[in-house]
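Trainee: Structure below; questions to follow.
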Amino acid sequence: MLLPDEYELIDRIALALIQRRERMGTAESCTGGMIAAACTSLAGSSQWFERGVVSYSDQSKNELLGVPAALIGLHGSVSAPVAEHMARGLLAHAPIDWALAVTGIAGPSGGSDAKPVGTVWLALLHAGQPVKVWKELFAGDRHEVRRATVRAGLTALCEALEDKDA
């Protein structure tokens, strides 16, 4: 269930994508499709939302998005290179203009000293533009980390869409 400000965020994304005549998609790991669900909670989202790929396992990241297994082996599935390749893979395989990818450790287990629970890498890619990749460290339980990831990804997308230079 979305909070009122999240509905406003999705409305802004929808309006901007419709005005631009562009479409988006998501490649999600730790959120398990929550970003896609948030986007498609808005009636008429088929005008601007094309698809969401849940690539929870390393194998699915490789098979569905073309993330090289060697890259995952070298950096781990929760890393900047993997988030970037997830976004690039989605953009390459889908008729979209914007790709939003997330990979992280939502917990309660799976964290380490180097990558504690709450570590999330996000990537936002607009066709023909440089990819934006960034790391977040969210506090809270599994639900809170996942919700914060959804909000961070959608906020970054909204800001990029509303940027007149994008």
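We label chains A, B, ... in the order they appear in the structure tokens, count residues from 1 in each chain, and number ligands from 1 in the order shown.
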Neighbouring residues of Arg12 of chain A were defined as those with any atom within 9 Å, considering only C-alpha atoms; residues of the same chain fewer than 5 positions away were excluded. Please report them as a ChimeraX atom specification.
Mentor: /A:7,17,158,161-162
Trainee: Excluding His93 of chain A and its own-chain neighbours fewer than 3 positions away, which residues fall within 8 Å of it when counting only C-alpha atoms? Please give them as a list in words.
Mentor: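 My list of contacting residues is Leu65, Gly89 and Leu90 of chain A.
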Trainee: Output the selection as an mmCIF file, in the first residue's frame - N, CA and C atoms for each residue.
Mentor:
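Everything below was put into selection_12.cif:
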```
data_model
loop_
_atom_site.group_PDB
_atom_site.id
_atom_site.type_symbol
_atom_site.label_atom_id
_atom_site.label_comp_id
_atom_site.auth_asym_id
_atom_site.auth_seq_id
_atom_site.Cartn_x
_atom_site.Cartn_y
_atom_site.Cartn_z
ATOM 1 N N LEU A 65 18.942 -10.364 -17.680
ATOM 2 C CA LEU A 65 19.465 -9.014 -17.879
ATOM 3 C C LEU A 65 20.866 -8.993 -18.474
ATOM 4 N N GLY A 89 21.122 -3.884 -19.101
ATOM 5 C CA GLY A 89 20.501 -5.085 -19.660
ATOM 6 C C GLY A 89 19.016 -4.903 -19.906
ATOM 7 N N LEU A 90 18.343 -4.266 -18.971
ATOM 8 C CA LEU A 90 16.912 -4.010 -19.155
ATOM 9 C C LEU A 90 16.679 -3.087 -20.340
#
```
Trainee: Atom CA of Glu50 of chain A and atom CA of Gly118 of chain A, how far apart in Å?
Mentor: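 Between atom CA of Gly118 of chain A and atom CA of Glu50 of chain A the gap is 28.2 Å.
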Trainee: Using only C-alpha atoms, which protein or nucleic acid residues come within 8 Å of segment 135-146 of chain A? Drop anything in the same chain fewer than 2 positions from it, and give the result as a count of residues only.
Mentor: 15
Trainee: Rank nothing, just name the residue among A:Ala43, A:Leu3, A:Ile13, A:Val67 nearest to Trp98 of chain A, using only C-alpha atoms.
Mentor: A:Ile13
Trainee: Measure the distance from atom CA of Cys39 of chain A to atom CA of Ile10 of chain A in Å and round it to one decimal.
Mentor: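 Interatomic distance, atom CA of Cys39 of chain A to atom CA of Ile10 of chain A: 6.2 Å.
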Trainee: Quick one: DSSP strand (DSSP E) residues in segment 20-158 of chain A, as a PyMOL selection string?
Mentor: chain A and resi 24-28+49-54+98-104+119-126+132-137
Trainee: Those selected residues, please, written with C-alpha atoms and delivered as a short mmCIF file (atom, residue, chain, number, x, y, z; two decimals), in the first residue's frame.
Mentor:
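selection-v9.cif, written as the output of this step:
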```cif
data_model
loop_
_atom_site.label_atom_id
_atom_site.label_comp_id
_atom_site.auth_asym_id
_atom_site.auth_seq_id
_atom_site.Cartn_x
_atom_site.Cartn_y
_atom_site.Cartn_z
CA MET A 24 10.09 3.01 -18.27
CA GLY A 25 10.87 -0.34 -16.76
CA THR A 26 12.41 -1.74 -13.60
CA ALA A 27 14.99 -4.41 -12.83
CA GLU A 28 14.58 -5.31 -9.18
CA PHE A 49 5.20 1.64 -17.65
CA GLU A 50 6.39 -1.18 -19.92
CA ARG A 51 7.72 -3.94 -17.67
CA GLY A 52 9.32 -4.99 -14.45
CA VAL A 53 11.87 -7.76 -14.13
CA VAL A 54 12.42 -9.38 -10.75
CA TRP A 98 14.24 4.74 -18.74
CA ALA A 99 15.58 1.82 -16.71
CA LEU A 100 15.63 1.79 -12.91
CA ALA A 101 17.57 -1.04 -11.25
CA VAL A 102 18.05 -1.95 -7.59
CA THR A 103 20.08 -4.60 -5.79
CA GLY A 104 20.68 -4.76 -2.08
CA THR A 119 23.18 -1.58 1.71
CA VAL A 120 21.48 -0.89 -1.62
CA TRP A 121 22.88 0.01 -5.01
CA LEU A 122 20.57 1.79 -7.46
CA ALA A 123 21.07 2.61 -11.12
CA LEU A 124 19.05 4.94 -13.32
CA LEU A 125 19.61 4.98 -17.04
CA HIS A 126 17.99 7.12 -19.74
CA LYS A 132 23.66 7.25 -12.65
CA VAL A 133 24.69 4.67 -10.04
CA TRP A 134 24.61 5.35 -6.32
CA LYS A 135 24.72 3.59 -2.97
CA GLU A 136 22.34 3.99 -0.07
CA LEU A 137 22.56 2.60 3.44
#
```
Trainee: Report the residues of chain A whose backbone DSSP state falls under helix (DSSP H, G or I), written as a ChimeraX atom specification.
Mentor: /A:4-20,34-40,45-47,58-65,69-75,80-93,142-162
Trainee: Please compute the atom CA of Leu157 of chain A-atom CA of Leu9 of chain A distance, one decimal, in Å.
Mentor: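 So the answer is 9.6 Å.
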Trainee: Point out the residue among A:Trp48, A:Asn62, A:Glu159, A:Lys115 with the least atom-to-atom distance to Gln19 of chain A, counting only C-alpha atoms.
Mentor: A:Trp48
